[in-house]
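To keep things clear, I will list the structure first and then write my remarks on it.
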Amino acid sequence: MSLRIDGGTVVGWSGTQHELVPDGSVLIEGDTIKSVGRARPPADRVIDASGKLVCPGFINLHVHSQMNVGDYLLTDATRGDYMFANYFVFAGLSKERMPQMPKEAVAMGRAYSQLSALRNGSTTILDPGGPPGDLDDYVAIVGRIGGRVFTSPSYRSRDTFADASGRFSYEDRADGGKSGLQAALDFVRKFNNAHGRLHAFLIPSQAETCSPALFKETMVAARELGVGVHTHAGGNLREFVDILYNHRRSPIEYLGDCGVLGPRTVLGHAVFIGGHSRVPYHSDDLALLAETGTSVGHCPYKYAKFGAALESFDRYLGRGINVGLGTDTFPFDIVAEMRWAAMISRIMEGDQRAGRAADVFNAATIGGARALGRDDLGRLAPGAKADLLVINQRDVRYGLVRDPINALVDAGCGADVETVVVAGEVVVDKGASTRVDSDAMYRDAERLARNAWDNWARRDFAGRSVDQIVPPAFPTRAS
Ligand SMILES: [Zn+2]
């Protein structure tokens with residue numbers, strides 16, 4: 001089965017960089033790109049993309065497979081004591097109030113998040129950990145939604161808890177995290193390459209929740225299996241202080257000591273590192289990342305919500321670090337994320353020459369592919385996987401378009417993505433999934449999310465409601 005996409009401005013690949021091919025054509029055979037150019041070779045099916053942008057599917061290095069029930073609470077302004085609270089606000093639970101996530105809600109979170117990322121233009125996601133749940137079910141969901149997913153079950157050697165007064169503490173697991181690692185290895189051996197879409201990656205959760213022994217075992221296993229490793233690091237100041245006090249090192253130095261840094265490793269965030277303006281500790285972590293070839297999964301919008309920023313996207317690139325982009329929390333809009341990356345870098349540098357469109361587009365394509373160890377993703381070239389997007393920019397919403405990549409970073413959003421192709425198959429057409437009923441899924445997800453929010457007080461350490469944690473923008477009229 002062959003598919004040809006005709007007539008748009010195609011973002012082709014010169015062999016070393018992206019290049020534009022006006023009135024171009026992409027020929028796909030099976031799951032692979034056969035040719036990119038101006039010729040129109042015969043094909044079984046043709047999609048007319050005249051006047052549109054045809055570009056590589058984006059690689060989103062940070063999509064947690066859950067609904068935004070917890071994410072919604074990330075902006076909890078009441079938890080200033082958590083030092084850029086991050087996930088602690090909803091994942092640091094009191095033992096007495098541990099919730100049992102209904103199986104249905106876990107499955108919906110996985111499906112909903114994968115569909116949302118795909119619809120917004122991420123043909124590949126790295127899932128760095130969702131709620132625990134049935135693993136066969138996860139694999140089936142990847143097959144059903146149709147995007148490419150790099151993951152395996154996350155694990156850790158320490159858990160995080162809050163007591164009744166909201167004090168936060170770590171507690172070591174009796175088995176040091178071994179059973180979690182074993183479950184991940186079993187998953188990798190059983191499901192790697194399931195549906196041609198599920199790709200194994202080991203996910204030790206966070207720098208401060210994994211012991212040196214667990215990290216070392218992880219790296220041995222990753223080398224044996226030939227898979228990459230993701231962990232969260234530099235994600236919040238609590239983590240930085242904990243590692244500094246326990247190991248007298250920065251989180252990045254700690255990971256270096258544990259043998260984690262290297263070309264097959266992706267660090268989620270790497271915001272709070274030695275030398276960051278809010279960190280009074282001056283290790284040269286950027287040199288460590290660059291020397292070891294470690295990649296960073298940069299999620300600028302999430303940190304902007306906290307009032308914090310990577311310092312800076314341009315500086316990391318300038319030091320020779322491979323940077324990819326991720327969304328982390330909702331919205332999973334990787335197109336808008338490029339704009340956040342560009343603009344925040346300009347602000348941090350105080351320089352309008354920073355945050356170039358080419359650099360953020362590269363980060364969302366070839367930077368992500370390099371982080372995942374895949375030179376057949378993130379580019380439209382013969383032999384690459386046929387993962388691509390058709391994006392409509394001819395809309396008064398944009399203004400007039402002189403250069404499509406500059407315009408995409410300046411004005412684009414995920415809703416502009418009309419068609420999504422993964423492995424040669426159209427999985428999103430006219431903005432809707434070709435495989436599942438997007439509207440029905442939204443309604444079901446909404447019901448489950450409302451139920452979780454309405455019952456939030458039962459799991460919050462202080463019994464607070466969602467509206468007490470994140471007050472509504474305006475009051476609701478009583479009658
Ligand atoms: Zn994360």
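Identifiers for the structure tokens are assigned positionally: chains receive A, B, ... in sequence, residues are indexed from 1 per chain, and ligands are indexed from 1 in the order shown.
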For this session: May I have the residues within 12 Å of ligand 1, computed using only C-alpha atoms and all ligand atoms, as number ranges by chain?
Result: A: 60-66, 70-71, 74, 86-88, 91, 126-131, 154, 203-207, 230-236, 266-270, 297-299, 302-303, 326-330
Exercise. Quick one: residues within 9 Å of Glu104 of chain A, only C-alpha atoms counted, chain neighbours fewer than 4 positions away excluded, as a ChimeraX atom specification?
Worked result: /A:108-109,448
For the residues in the current selection, export C-alpha atoms as a PDB file, in the first residue's frame.
```
ATOM      1  CA  MET A 108      -9.032   6.676  30.304  1.00  0.00           C
ATOM      2  CA  GLY A 109      -6.085   8.823  31.398  1.00  0.00           C
ATOM      3  CA  LEU A 448     -14.275  10.741  35.406  1.00  0.00           C
TER       4      LEU A 448
END
```
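Residues within 8 Å of segment 12-28 of chain A, counting only C-alpha atoms and excluding same-chain residues fewer than 3 positions away, are Ser2, Leu3, Arg4, Ile5, Asp6, Gly7, Gly8, Thr9, Asp31, Thr32, Ile33, Lys34, Ser35, Val36, Gly37, Arg38, Ala39, Arg40, Pro41, Ala43, Ser50, Cys55, Arg379, Leu380, Ala381, Ala386 and Gly424 of chain A.
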For this session: May I have the residues within 8 Å of Ser345 of chain A as a PyMOL selection string, using only C-alpha atoms and disregarding those fewer than 6 positions away in the same chain?
Result: chain A and resi 310-314+354-355
For this session: Determine, counting only C-alpha atoms, which protein, DNA and RNA residues have an atom within 10 Å of an atom of Ala342 of chain A; residues of the same chain fewer than 4 positions away are not included. Present the result as a PyMOL selection string.
Result: chain A and resi 300+312-314+336-338+346-347+352-361+409-410
For this session: May I have the residues within 6 Å of segment 178-185 of chain A as an MDAnalysis selection string, using only C-alpha atoms and disregarding those fewer than 2 positions away in the same chain?
Result: chainID A and resid 152:153 155 175:176 187:188
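Between atom CA of Val335 of chain A and atom CA of Asn120 of chain A lies a distance of 7.4 Å.
The nearest approach to Gly143 of chain A among the residues A:Arg156, A:Asn192, A:Val428, A:Leu198, with only C-alpha atoms taken into account, belongs to A:Leu198.
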